[in-house]
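**Student:** Contents are compact mmCIF, C-alpha atoms and all ligand atoms; file name coords-v5.txt:
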```txt
# COMPACT_ATOMS: atom_id res chain seq x y z
CA MET A 83 77.39 92.73 107.24
CA GLU A 84 78.74 90.89 104.16
CA ARG A 85 82.35 91.58 103.28
CA VAL A 86 83.08 93.29 99.96
CA VAL A 87 86.16 92.05 98.09
CA ILE A 88 87.32 93.52 94.79
CA VAL A 89 89.93 91.70 92.68
CA THR A 90 91.53 93.38 89.65
CA GLY A 91 92.59 91.05 86.84
CA ALA A 92 90.22 88.41 88.23
CA ASN A 93 89.33 86.67 84.99
CA SER A 94 92.39 84.43 84.71
CA GLY A 95 95.51 83.03 86.37
CA ILE A 96 96.29 83.92 89.97
CA GLY A 97 93.37 86.38 90.30
CA LEU A 98 90.79 83.78 89.27
CA ALA A 99 92.38 81.12 91.52
CA LEU A 100 92.18 83.59 94.42
CA CYS A 101 88.47 84.18 93.75
CA GLU A 102 87.84 80.44 93.79
CA ARG A 103 89.68 80.09 97.11
CA LEU A 104 87.90 83.09 98.67
CA LEU A 105 84.47 81.68 97.83
CA THR A 106 85.45 78.27 99.20
CA GLU A 107 86.38 80.02 102.44
CA ASP A 108 83.33 82.31 102.67
CA VAL A 109 80.45 81.95 100.24
CA GLN A 110 78.70 84.94 101.88
CA LEU A 111 81.24 87.34 100.38
CA ARG A 112 80.29 89.97 97.87
CA LEU A 113 83.01 89.33 95.34
CA CYS A 114 83.59 91.85 92.58
CA LEU A 115 85.62 90.82 89.52
CA ALA A 116 87.20 93.99 88.12
CA CYS A 117 88.25 93.21 84.54
CA ARG A 118 88.93 95.00 81.28
CA ASN A 119 87.33 92.36 79.07
CA MET A 120 83.70 91.73 80.01
CA GLN A 121 83.40 88.55 77.96
CA ARG A 122 86.29 86.99 79.87
CA ALA A 123 84.86 88.37 83.10
CA GLU A 124 81.49 86.72 82.35
CA ALA A 125 83.24 83.41 81.66
CA ALA A 126 85.14 83.66 84.96
CA ARG A 127 81.92 84.48 86.81
CA ALA A 128 80.18 81.47 85.22
CA ALA A 129 83.08 79.20 86.24
CA LEU A 130 82.95 80.47 89.83
CA LEU A 131 79.17 80.01 90.00
CA THR A 132 79.51 76.42 88.76
CA SER A 133 81.34 75.49 91.94
CA HIS A 134 79.65 78.08 94.23
CA ALA A 135 76.05 78.35 93.00
CA ASP A 136 74.90 80.62 95.87
CA ALA A 137 77.81 83.07 95.65
CA HIS A 138 77.34 86.82 95.05
CA VAL A 139 79.69 87.57 92.19
CA ASP A 140 79.54 91.05 90.62
CA LEU A 141 81.36 92.29 87.55
CA LEU A 142 82.99 95.68 87.16
CA HIS A 143 84.44 97.05 83.95
CA LEU A 144 87.94 98.28 84.78
CA ASP A 145 90.91 98.79 82.52
CA VAL A 146 93.60 99.77 85.04
CA GLY A 147 95.76 100.96 82.18
CA SER A 148 93.23 103.67 81.24
CA MET A 149 92.85 106.60 83.60
CA LYS A 150 89.30 107.34 82.43
CA SER A 151 88.27 103.75 82.99
CA VAL A 152 89.73 103.84 86.53
CA LEU A 153 87.83 107.03 87.38
CA ASP A 154 84.57 105.64 85.95
CA ALA A 155 85.01 102.30 87.71
CA ALA A 156 85.72 104.00 91.06
CA GLN A 157 82.54 106.05 90.64
CA GLU A 158 80.60 102.87 89.95
CA VAL A 159 82.06 101.17 93.06
CA LYS A 160 81.02 104.16 95.19
CA THR A 161 77.43 103.89 93.97
CA ARG A 162 77.30 100.09 94.47
CA TYR A 163 78.99 99.56 97.84
CA ARG A 164 79.14 101.46 101.12
CA LYS A 165 82.56 100.02 102.08
CA VAL A 166 85.34 97.91 100.59
CA ASP A 167 86.96 95.36 102.89
CA PHE A 168 89.62 93.97 100.53
CA LEU A 169 91.00 95.44 97.34
CA TYR A 170 93.32 92.98 95.60
CA LEU A 171 95.54 94.87 93.15
CA ASN A 172 96.41 91.90 91.01
CA ALA A 173 96.10 92.93 87.34
CA GLY A 174 99.48 93.07 85.67
CA ILE A 175 101.25 92.87 82.33
CA MET A 176 104.68 92.02 81.00
CA PRO A 177 104.60 92.96 77.30
CA ASN A 178 107.03 91.60 74.70
CA PRO A 179 109.33 89.77 77.10
CA GLN A 180 112.76 88.65 75.90
CA VAL A 181 114.84 86.04 77.73
CA ASN A 182 118.58 86.64 77.58
CA ILE A 183 119.69 83.11 76.64
CA GLY A 184 123.38 83.90 77.15
CA ALA A 185 122.76 85.18 80.67
CA PHE A 186 120.59 82.12 81.37
CA PHE A 187 123.35 79.60 80.54
CA LYS A 188 125.99 81.71 82.28
CA GLY A 189 123.76 81.91 85.37
CA LEU A 190 123.07 78.18 85.22
CA LEU A 191 126.77 77.44 85.70
CA SER A 192 127.24 80.00 88.45
CA ARG A 193 126.74 79.95 92.22
CA ASN A 194 123.68 82.20 91.70
CA ALA A 195 121.68 79.64 89.69
CA ILE A 196 118.98 79.20 92.36
CA ARG A 197 118.62 82.95 92.79
CA MET A 198 118.35 83.33 89.03
CA PHE A 199 115.47 80.81 88.93
CA SER A 200 113.60 82.53 91.74
CA THR A 201 114.03 86.17 90.69
CA ALA A 202 114.95 86.03 86.97
CA GLU A 203 117.47 88.76 87.82
CA GLY A 204 119.33 89.85 84.67
CA LEU A 205 117.34 87.41 82.51
CA LEU A 206 114.38 89.38 81.24
CA THR A 207 113.79 92.57 79.31
CA GLN A 208 110.58 93.99 77.86
CA GLN A 209 109.51 96.49 75.19
CA ASP A 210 107.13 99.01 76.67
CA ARG A 211 105.06 101.63 74.82
CA LEU A 212 102.93 104.71 75.47
CA ASN A 213 99.24 104.22 76.18
CA ALA A 214 96.39 106.52 75.09
CA ASP A 215 96.94 108.69 78.21
CA GLY A 216 100.56 109.23 77.19
CA LEU A 217 101.82 107.10 80.07
CA GLN A 218 104.17 104.14 79.84
CA GLU A 219 101.83 101.14 79.59
CA VAL A 220 103.53 98.90 82.17
CA PHE A 221 103.75 101.69 84.74
CA ALA A 222 100.13 102.71 84.10
CA THR A 223 98.78 99.16 84.37
CA ASN A 224 100.89 97.64 87.13
CA LEU A 225 101.19 100.71 89.33
CA PHE A 226 99.57 104.04 88.52
CA GLY A 227 96.06 102.81 87.63
CA HIS A 228 95.96 100.94 90.93
CA PHE A 229 97.27 104.00 92.79
CA LEU A 230 94.52 106.15 91.26
CA LEU A 231 91.92 103.51 92.15
CA ILE A 232 93.00 103.56 95.81
CA ARG A 233 92.93 107.35 95.84
CA GLU A 234 89.43 107.47 94.34
CA LEU A 235 88.15 104.81 96.73
CA GLU A 236 89.62 106.42 99.85
CA PRO A 237 86.16 107.35 101.15
CA LEU A 238 85.29 103.62 101.20
CA LEU A 239 88.73 102.38 102.25
CA CYS A 240 89.52 104.84 105.02
CA GLN A 241 86.61 104.65 107.42
CA SER A 242 86.99 105.02 111.18
CA SER A 243 84.40 102.30 111.84
CA HIS A 244 86.37 99.42 110.28
CA THR A 245 89.68 98.39 108.73
CA SER A 246 90.21 97.91 104.99
CA ARG A 247 93.00 96.15 103.18
CA VAL A 248 94.78 96.57 99.87
CA VAL A 249 96.99 93.75 98.66
CA TRP A 250 99.51 94.12 95.81
CA THR A 251 100.51 91.17 93.65
CA SER A 252 104.17 92.07 93.31
CA SER A 253 107.02 89.81 92.24
CA SER A 254 110.43 88.47 93.20
CA ASN A 255 111.46 90.20 89.97
CA ALA A 256 110.92 93.63 91.60
CA SER A 257 114.29 95.29 91.38
CA HIS A 258 115.73 98.31 93.15
CA SER A 259 118.36 98.77 90.45
CA ALA A 260 115.71 98.81 87.68
CA PHE A 261 113.88 101.70 89.37
CA SER A 262 114.86 105.35 89.15
CA MET A 263 113.15 108.19 90.98
CA GLU A 264 114.07 110.45 88.04
CA ASP A 265 112.23 108.13 85.66
CA ILE A 266 109.41 106.54 87.66
CA GLN A 267 107.61 105.43 84.49
CA HIS A 268 110.77 103.69 83.24
CA ARG A 269 110.69 105.51 79.91
CA ASN A 270 114.38 104.96 79.33
CA GLY A 271 115.07 101.40 80.41
CA THR A 272 114.38 97.84 79.30
CA GLU A 273 113.03 96.47 82.60
CA PRO A 274 109.67 98.27 83.05
CA TYR A 275 108.16 95.23 84.77
CA SER A 276 110.88 95.01 87.47
CA SER A 277 110.66 98.78 87.94
CA SER A 278 106.85 98.81 88.30
CA LYS A 279 106.89 95.95 90.80
CA TYR A 280 109.60 97.63 92.88
CA ALA A 281 107.52 100.82 92.83
CA SER A 282 104.48 98.89 94.10
CA ASP A 283 106.59 97.55 96.99
CA MET A 284 107.56 101.11 97.92
CA LEU A 285 104.06 102.43 97.50
CA SER A 286 102.74 99.81 99.90
CA VAL A 287 105.24 100.95 102.55
CA ALA A 288 104.21 104.59 102.02
CA LEU A 289 100.50 103.73 102.19
CA ASN A 290 101.01 101.98 105.51
CA ARG A 291 102.84 104.99 106.93
CA GLN A 292 100.16 107.41 105.83
CA LYS A 293 96.93 105.45 106.09
CA ASN A 294 97.18 102.90 108.92
CA SER A 295 95.86 105.53 111.32
CA GLN A 296 92.80 105.88 109.05
CA GLY A 297 92.15 102.13 109.06
CA LEU A 298 93.76 101.27 105.70
CA PHE A 299 96.45 98.53 105.64
CA SER A 300 98.53 97.58 102.62
CA SER A 301 100.40 94.31 101.99
CA VAL A 302 102.61 92.94 99.23
CA ILE A 303 102.88 89.37 98.02
CA CYS A 304 104.92 87.38 95.52
CA PRO A 305 103.14 84.37 93.99
CA GLY A 306 106.33 82.58 92.85
CA LEU A 307 106.68 81.29 89.29
CA VAL A 308 103.18 80.37 88.10
CA MET A 309 101.95 78.99 84.77
CA THR A 310 99.53 81.66 83.51
CA ASN A 311 98.92 83.75 80.38
CA LEU A 312 101.72 86.01 81.62
CA THR A 313 104.34 83.23 81.67
CA TYR A 314 102.95 81.77 78.39
CA GLY A 315 103.90 85.13 76.90
CA ILE A 316 107.53 84.48 77.89
CA VAL A 317 107.77 80.84 76.80
CA PRO A 318 104.89 79.11 74.90
CA SER A 319 102.69 76.80 76.95
CA PHE A 320 103.69 73.66 75.01
CA PHE A 321 107.33 74.31 75.95
CA TRP A 322 106.45 74.76 79.64
CA THR A 323 104.56 71.43 79.42
CA LEU A 324 107.60 69.75 77.85
CA ILE A 325 109.94 70.97 80.62
CA MET A 326 107.48 70.34 83.47
CA PRO A 327 109.58 67.47 84.94
CA ILE A 328 112.55 69.89 85.07
CA MET A 329 110.33 72.46 86.80
CA TYR A 330 109.40 69.96 89.51
CA LEU A 331 113.09 69.06 89.87
CA ILE A 332 114.01 72.75 90.32
CA ARG A 333 111.30 72.99 93.00
CA VAL A 334 113.50 70.67 95.12
CA PHE A 335 116.08 73.50 95.23
CA THR A 336 113.78 76.52 95.29
CA ASN A 337 110.26 76.45 96.71
CA THR A 338 109.42 79.51 94.60
CA PHE A 339 108.29 77.28 91.69
CA THR A 340 104.67 77.24 92.84
CA ILE A 341 103.62 76.43 89.24
CA SER A 342 99.80 76.28 89.61
CA PRO A 343 97.63 79.41 90.03
CA TYR A 344 96.06 77.77 93.10
CA ASN A 345 99.48 77.51 94.77
CA GLY A 346 100.50 80.98 93.57
CA ALA A 347 97.41 82.46 95.25
CA GLU A 348 98.46 81.03 98.63
CA ALA A 349 99.84 84.31 100.07
CA LEU A 350 96.88 86.34 98.74
CA PHE A 351 94.49 83.91 100.40
CA TRP A 352 96.55 83.68 103.60
CA LEU A 353 96.44 87.47 103.98
CA PHE A 354 92.64 87.32 103.80
CA LEU A 355 92.72 85.24 106.99
CA GLN A 356 95.14 87.47 108.93
CA LYS A 357 94.46 90.40 111.23
CA PRO A 358 96.08 93.48 109.61
CA GLU A 359 97.70 94.58 112.89
CA SER A 360 99.65 91.29 112.99
CA LEU A 361 101.33 91.93 109.62
CA ASP A 362 104.72 93.47 108.92
CA PRO A 363 104.24 96.59 106.71
CA ARG A 364 107.73 96.17 105.22
CA ALA A 365 107.49 92.47 104.43
CA LYS A 366 106.75 90.79 101.12
CA TYR A 367 104.74 87.63 101.72
CA HIS A 368 105.86 84.83 99.42
CA SER A 369 103.72 81.92 98.24
CA LEU A 370 105.98 78.86 98.38
CA THR A 371 105.48 75.20 97.50
CA SER A 372 107.73 72.44 98.83
CA ALA A 373 109.05 69.54 96.74
CA LEU A 374 106.27 67.41 98.24
CA GLY A 375 103.63 69.94 97.16
CA ARG A 376 102.96 71.57 100.55
CA ASN A 377 101.95 75.25 100.28
CA TYR A 378 103.10 77.79 102.82
CA VAL A 379 103.75 81.53 103.18
CA GLN A 380 106.99 83.17 104.23
CA PRO A 381 107.64 86.90 104.82
CA GLN A 382 110.83 88.50 103.53
CA GLN A 383 111.95 92.05 104.29
CA MET A 384 111.69 94.28 101.22
CA ASP A 385 114.71 96.14 99.90
CA VAL A 386 113.11 99.54 100.66
CA ASP A 387 114.57 102.39 102.74
CA ASN A 388 112.72 104.88 104.94
CA GLU A 389 112.64 108.01 102.78
CA THR A 390 112.21 106.89 99.16
CA PRO A 391 108.62 105.58 99.48
CA GLU A 392 107.45 109.03 100.59
CA VAL A 393 109.21 110.65 97.63
CA LEU A 394 107.50 108.23 95.24
CA PHE A 395 104.13 108.86 96.89
CA ALA A 396 104.56 112.62 96.38
CA LYS A 397 105.52 112.10 92.72
CA LEU A 398 102.45 109.93 92.14
CA LEU A 399 100.21 112.59 93.70
CA GLU A 400 101.78 115.15 91.38
CA LEU A 401 101.13 112.94 88.36
CA GLU A 402 97.58 112.31 89.53
CA ASN A 403 96.91 116.06 89.65
CA PHE A 404 98.45 116.48 86.24
CA VAL A 405 96.43 113.66 84.69
CA LYS A 406 93.17 114.94 86.15
CA LYS A 407 93.83 118.55 85.20
CA ASN A 408 94.65 117.65 81.62
CA ASP A 409 91.58 115.45 81.24
CA HIS A 410 93.92 112.47 81.16
CA VAL A 411 94.44 112.20 77.43
CA GLY A 412 97.78 112.39 75.72
CA TYR A 413 99.33 115.28 77.59
CA ILE A 414 102.01 113.65 79.66
N1 LIG B 501 102.76 84.24 86.67
C1 LIG B 501 103.81 84.50 87.41
O1 LIG B 501 104.77 83.70 87.47
C2 LIG B 501 103.86 85.73 88.22
C3 LIG B 501 102.87 86.70 88.16
N2 LIG B 501 102.96 87.82 88.95
C4 LIG B 501 101.89 88.82 88.94
O2 LIG B 501 100.65 88.21 89.17
C5 LIG B 501 99.61 89.04 88.65
C6 LIG B 501 98.60 88.19 87.92
O3 LIG B 501 99.21 87.69 86.75
P1 LIG B 501 99.01 86.20 86.23
O4 LIG B 501 97.84 85.59 86.87
O5 LIG B 501 100.31 85.53 86.28
O6 LIG B 501 98.75 86.47 84.68
P2 LIG B 501 97.41 86.54 83.82
O7 LIG B 501 97.82 87.14 82.53
O8 LIG B 501 96.71 85.24 83.82
O9 LIG B 501 96.52 87.55 84.64
C7 LIG B 501 96.66 88.92 84.56
C8 LIG B 501 95.29 89.52 84.75
O10 LIG B 501 95.42 90.94 84.69
C9 LIG B 501 94.49 91.42 83.77
N3 LIG B 501 94.90 92.68 83.18
C10 LIG B 501 96.00 92.96 82.46
N4 LIG B 501 95.99 94.24 82.07
C11 LIG B 501 94.86 94.78 82.58
C12 LIG B 501 94.28 96.06 82.52
N5 LIG B 501 94.84 97.05 81.84
N6 LIG B 501 93.11 96.27 83.16
C13 LIG B 501 92.50 95.27 83.83
N7 LIG B 501 93.00 94.03 83.92
C14 LIG B 501 94.15 93.79 83.28
C15 LIG B 501 94.37 90.33 82.71
O11 LIG B 501 93.19 90.52 81.95
P3 LIG B 501 93.10 90.00 80.42
O12 LIG B 501 92.67 88.57 80.49
O13 LIG B 501 92.06 90.89 79.84
O14 LIG B 501 94.45 90.18 79.80
C16 LIG B 501 94.33 89.13 83.62
O15 LIG B 501 93.06 88.94 84.15
C17 LIG B 501 100.30 90.10 87.80
O16 LIG B 501 100.34 91.31 88.52
C18 LIG B 501 101.70 89.55 87.62
O17 LIG B 501 102.65 90.57 87.45
C19 LIG B 501 104.00 88.01 89.80
C20 LIG B 501 105.01 87.10 89.88
C21 LIG B 501 105.03 85.89 89.09
C1 LIG B 502 114.38 75.06 82.65
C2 LIG B 502 113.43 76.18 82.78
C3 LIG B 502 112.87 76.31 84.14
C4 LIG B 502 114.00 77.45 82.19
C5 LIG B 502 113.12 78.66 82.32
C6 LIG B 502 113.96 79.90 82.20
C7 LIG B 502 113.19 81.22 82.34
C8 LIG B 502 112.21 81.36 81.20
C9 LIG B 502 112.51 81.33 83.72
C10 LIG B 502 113.54 81.21 84.86
C11 LIG B 502 113.06 82.06 86.01
C12 LIG B 502 111.65 82.48 85.58
C13 LIG B 502 110.90 83.59 86.26
C14 LIG B 502 109.96 84.32 85.58
C15 LIG B 502 109.71 84.07 84.12
C16 LIG B 502 110.37 82.81 83.54
C17 LIG B 502 111.79 82.65 84.06
C18 LIG B 502 112.61 83.84 83.63
C19 LIG B 502 109.23 85.49 86.22
C20 LIG B 502 110.01 86.72 85.82
C21 LIG B 502 107.79 85.65 85.73
C22 LIG B 502 107.13 86.87 86.28
C23 LIG B 502 107.52 87.25 87.63
O1 LIG B 502 106.95 88.19 88.15
C24 LIG B 502 108.63 86.61 88.38
C25 LIG B 502 109.16 85.34 87.73
C26 LIG B 502 110.54 84.99 88.32
C27 LIG B 502 111.12 83.74 87.73
```
For this file, write the structure as structure tokens.
Ligand SMILES: NC(=O)C1=CN([C@@H]2O[C@H](COP(=O)(O)OP(=O)(O)OC[C@H]3O[C@@H](n4cnc5c(N)ncnc54)[C@H](OP(=O)(O)O)[C@@H]3O)[C@@H](O)[C@H]2O)C=CC1
Ligand SMILES: CC(C)CCC[C@@H](C)[C@H]1CC[C@H]2C3=C(CC[C@]12C)[C@@]1(C)CCC(=O)C[C@@H]1CC3
**Tutor:**
Amino acid sequence: MERVVIVTGANSGIGLALCERLLTEDVQLRLCLACRNMQRAEAARAALLTSHADAHVDLLHLDVGSMKSVLDAAQEVKTRYRKVDFLYLNAGIMPNPQVNIGAFFKGLLSRNAIRMFSTAEGLLTQQDRLNADGLQEVFATNLFGHFLLIRELEPLLCQSSHTSRVVWTSSSNASHSAFSMEDIQHRNGTEPYSSSKYASDMLSVALNRQKNSQGLFSSVICPGLVMTNLTYGIVPSFFWTLIMPIMYLIRVFTNTFTISPYNGAEALFWLFLQKPESLDPRAKYHSLTSALGRNYVQPQQMDVDNETPEVLFAKLLELENFVKKNDHVGYI
């Protein structure tokens, strides 16, 4: 039977590069591009069909930042497909990013310069806002919408007859210190992106604990630093082009500068080829590119303890109940 693969945020950047690589590997796939903007989704579909004319590429309207859209999209998936083999949770936002220039130059002269380039620790802040559901937008988009999607698709993801996979596009910028269990939406801080990515790391660990026995396996990846719309929102694209030689020089010291979406999608693609039982549920799989341009994947243990993921899972269930009960508009 053909494999069904759904990719959120598939119309650009790393998500689109993943789709291209998946179809190159297996043109028999049923690939579903889950996007919020159908015009961009159509354009992505057309681009994929140019290089893979016989491919089965479906479109699904999904705004992961809107709870109603997630519920409607999940309903649509359940009517279209009888199972889901891979669900790539890739859509993500980093709104209004600000680079701390002082911290950048200080970091540059310190022993932690390489770490700073690979994680952006202490370099970036963002301005978040409330969405129409009354949730923090970054939390809703990067984490909670995807959580709700998994929950709604459980009948297709947790089947005794076969294994299913969910794969989170996380980040090296995920930060334990940015996350607080008392403020899971990060209402009160300036690092909602780091907080949401750390929460997705924890959620993946919790999902593995609770759902492996039902055939659902969760993995986390980091694509490295990739030139996409997201990074063009931090520094304009012309500036990235200007400093490209410096970027390739930095790659000599840290292989995390994957730079192209194709390279960034390496770990997402690699996971597609692995047996779920062979994977480490507590590892983050990093896409890396050597100075000579060789792509490879390396696992790194996540900074996650044993108890906290379960606490987060329970809090997300609570919020899910609340959102559903209150017809998910403006009550939270
Ligand atoms: N670029 C990088 O260096 C890194 C990126 N990442 C992560 O990689 C993932 C992909 O980002 P990247 O390819 O870089 O950036 P892009 O901006 O190119 O891609 C993000 C995708 O997510 C979609 N998206 C955003 N919000 C929503 C929403 N509410 N509902 C549905 N889709 C949505 C975008 O759609 P639209 O076109 O409509 O905006 C777009 O297709 C993100 O999760 C990001 O956090 C992690 C580490 C580093
Ligand atoms: C000379 C240049 C390379 C200077 C660039 C400085 C910063 C703008 C970048 C250094 C590390 C980068 C980084 C990200 C964004 C741009 C930097 C802060 C990310 C936060 C992008 C999104 C992620 O998820 C992780 C990236 C880590 C590294």
**Student:** Smallest atom-to-atom distance to A:Tyr344: which of A:Arg103, A:Arg85, A:Arg376, A:Arg197, using all atoms listed in the file?
**Tutor:**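 The closest residue to A:Tyr344 is A:Arg103.
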**Student:** At a cut-off of 7 Å and counting all atoms listed in the file, what residues surround ligand LIG 501 (chain B)? Please answer as number ranges by chain.
**Tutor:** A: 90-97, 116-119, 122, 144-148, 172-176, 223-224, 251-254, 304-313, 343
**Student:** Do you know which residues are within 7 Å of ligand LIG 502 (chain B) using all atoms listed in the file? Can you write them as a list in words?
**Tutor:**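 If we count all atoms listed in the file, the neighbours of ligand LIG 502 (chain B) turn out to be Val181, Met198, Phe199, Ser200, Thr201, Ala202, Leu205, Leu206, Ser253, Ser254, Asn255, Gly306, Leu307, Thr313, Ile316, Val317, Ile325, Ile328 and Met329 of chain A.
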**Student:** Which of these, A:His143, A:Lys279, A:His258, A:Lys357, has the shortest distance to A:Val159 once you count all atoms listed in the file?
**Tutor:**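 Closest to A:Val159 of all the choices is A:His143.
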**Student:** Taking into account all atoms listed in the file, which residue in the set A:Leu171, A:Leu289, A:Leu141, A:Ala373 is nearest to A:Ala396?
**Tutor:**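 Of all the options, A:Leu289 lies closest to A:Ala396.
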**Student:** Show which residues sit within 10 Å of A:Ile232, as a list in words. Count all atoms listed in the file, and ignore same-chain residues fewer than 3 positions away.
**Tutor:**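 Everything that qualifies: Val152, Ala156, Leu169, Leu171, Phe226, Gly227, His228, Phe229, Leu235, Glu236, Pro237, Leu238, Leu239, Cys240, Val248 and Leu289 of chain A.
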**Student:** Build an axis-aligned box that encloses every atom of stretch 107-110 of chain A listed in the file, pad it by 8 Å on each side, and report its centre and edge lengths in Å to one decimal, as JSON.
**Tutor:**
```
{"center_x": 82.5, "center_y": 82.5, "center_z": 101.5, "size_x": 23.7, "size_y": 20.9, "size_z": 18.4}
```
**Student:** Given the point (88.7, 102.8, 112.2) in the coordinates of this file, which residues lie within 10 Å, counting all atoms listed in the file, and how would they look as a PyMOL selection string?
**Tutor:** chain A and resi 239-246+294-298
**Student:** Point out the residue among A:Leu105, A:Leu231, A:Ile183, A:Met284 with the least atom-to-atom distance to A:Asn388, counting all atoms listed in the file.
**Tutor:**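 Among the listed residues, A:Met284 lies closest to A:Asn388.
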**Student:** Tell me, as a PyMOL selection string, which residues lie within 6 Å of stretch 263-276 of chain A, counting all atoms listed in the file; anything in the same chain fewer than 6 positions away does not count.
**Tutor:** chain A and resi 207-208+218+221+255-257
**Student:** A:Met384, A:Val405, A:Ala365, A:Val87: which is nearest A:Phe351, counting all atoms listed in the file?
**Tutor:** A:Val87
**Student:** Tell me which protein, DNA and RNA residues are within 8 Å of A:Cys114, counting only C-alpha atoms, leaving out same-chain ones fewer than 4 positions away, and put them as number ranges by chain.
**Tutor:** A: 86-89, 139-142
**Student:** How far is it from atom CA of A:Ala99 to atom CA of A:Ala129, in Å with one decimal?
**Tutor:**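 That distance, rounded to one decimal, is 10.9 Å.
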**Student:** Please identify all polymer residues within 7 Å of A:Pro363, counting all atoms listed in the file, omitting same-chain residues fewer than 4 positions from it, and present them as a count of residues only.
**Tutor:** 3
**Student:** If we count only C-alpha atoms and set the cut-off at 12 Å, which residues sit around A:His134, ignoring sequence neighbours fewer than 5 positions away in its own chain? Please answer as a ChimeraX atom specification.
**Tutor:** /A:101-111,113,127-129,139
**Student:** Which residue, A:Arg291, A:Arg333, A:His368, A:Lys188, has the smallest gap to A:Ala347 when you use all atoms listed in the file?
**Tutor:** A:His368
**Student:** As an exercise, work out the distance from atom CA of A:Arg247 to atom CA of A:Lys293 in Å and give it to one decimal place.
**Tutor:**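 A separation of 10.5 Å between them.
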**Student:** How many Å separate atom CA of A:Glu203 from atom CA of A:Val386?
**Tutor:** 17.3 Å
**Student:** Could you give me stretch 93-105 of chain A completed to N, CA, C and O atoms, formatted as a PDB file, keeping the file's coordinate frame?
**Tutor:**
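Output (selection.pdb):
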```pdb
ATOM      1  N   ASN A  93      89.910  87.623  85.927  1.00  0.00           N
ATOM      2  CA  ASN A  93      89.330  86.670  84.990  1.00  0.00           C
ATOM      3  C   ASN A  93      90.255  85.516  84.604  1.00  0.00           C
ATOM      4  O   ASN A  93      89.834  84.606  83.889  1.00  0.00           O
ATOM      5  N   SER A  94      91.510  85.545  85.074  1.00  0.00           N
ATOM      6  CA  SER A  94      92.390  84.430  84.710  1.00  0.00           C
ATOM      7  C   SER A  94      93.499  84.279  85.759  1.00  0.00           C
ATOM      8  O   SER A  94      93.617  85.090  86.684  1.00  0.00           O
ATOM      9  N   GLY A  95      94.288  83.235  85.589  1.00  0.00           N
ATOM     10  CA  GLY A  95      95.510  83.030  86.370  1.00  0.00           C
ATOM     11  C   GLY A  95      95.325  83.110  87.875  1.00  0.00           C
ATOM     12  O   GLY A  95      94.385  82.551  88.455  1.00  0.00           O
ATOM     13  N   ILE A  96      96.224  83.849  88.501  1.00  0.00           N
ATOM     14  CA  ILE A  96      96.290  83.920  89.970  1.00  0.00           C
ATOM     15  C   ILE A  96      95.044  84.616  90.533  1.00  0.00           C
ATOM     16  O   ILE A  96      94.504  84.202  91.569  1.00  0.00           O
ATOM     17  N   GLY A  97      94.559  85.651  89.838  1.00  0.00           N
ATOM     18  CA  GLY A  97      93.370  86.380  90.300  1.00  0.00           C
ATOM     19  C   GLY A  97      92.148  85.476  90.359  1.00  0.00           C
ATOM     20  O   GLY A  97      91.409  85.482  91.351  1.00  0.00           O
ATOM     21  N   LEU A  98      91.956  84.681  89.314  1.00  0.00           N
ATOM     22  CA  LEU A  98      90.790  83.780  89.270  1.00  0.00           C
ATOM     23  C   LEU A  98      90.935  82.689  90.344  1.00  0.00           C
ATOM     24  O   LEU A  98      89.958  82.336  91.023  1.00  0.00           O
ATOM     25  N   ALA A  99      92.151  82.168  90.487  1.00  0.00           N
ATOM     26  CA  ALA A  99      92.380  81.120  91.520  1.00  0.00           C
ATOM     27  C   ALA A  99      92.091  81.688  92.912  1.00  0.00           C
ATOM     28  O   ALA A  99      91.517  81.009  93.771  1.00  0.00           O
ATOM     29  N   LEU A 100      92.474  82.954  93.125  1.00  0.00           N
ATOM     30  CA  LEU A 100      92.180  83.590  94.420  1.00  0.00           C
ATOM     31  C   LEU A 100      90.674  83.651  94.643  1.00  0.00           C
ATOM     32  O   LEU A 100      90.188  83.322  95.746  1.00  0.00           O
ATOM     33  N   CYS A 101      89.931  84.061  93.620  1.00  0.00           N
ATOM     34  CA  CYS A 101      88.470  84.180  93.750  1.00  0.00           C
ATOM     35  C   CYS A 101      87.860  82.837  94.141  1.00  0.00           C
ATOM     36  O   CYS A 101      86.997  82.760  95.021  1.00  0.00           O
ATOM     37  N   GLU A 102      88.327  81.792  93.496  1.00  0.00           N
ATOM     38  CA  GLU A 102      87.840  80.440  93.790  1.00  0.00           C
ATOM     39  C   GLU A 102      88.100  80.099  95.262  1.00  0.00           C
ATOM     40  O   GLU A 102      87.222  79.610  95.969  1.00  0.00           O
ATOM     41  N   ARG A 103      89.305  80.422  95.718  1.00  0.00           N
ATOM     42  CA  ARG A 103      89.680  80.090  97.110  1.00  0.00           C
ATOM     43  C   ARG A 103      88.893  80.945  98.104  1.00  0.00           C
ATOM     44  O   ARG A 103      88.519  80.476  99.180  1.00  0.00           O
ATOM     45  N   LEU A 104      88.650  82.209  97.760  1.00  0.00           N
ATOM     46  CA  LEU A 104      87.900  83.090  98.670  1.00  0.00           C
ATOM     47  C   LEU A 104      86.469  82.584  98.844  1.00  0.00           C
ATOM     48  O   LEU A 104      85.942  82.558  99.959  1.00  0.00           O
ATOM     49  N   LEU A 105      85.863  82.155  97.742  1.00  0.00           N
ATOM     50  CA  LEU A 105      84.470  81.680  97.830  1.00  0.00           C
ATOM     51  C   LEU A 105      84.389  80.348  98.575  1.00  0.00           C
ATOM     52  O   LEU A 105      83.408  80.078  99.263  1.00  0.00           O
TER      53      LEU A 105
END
```
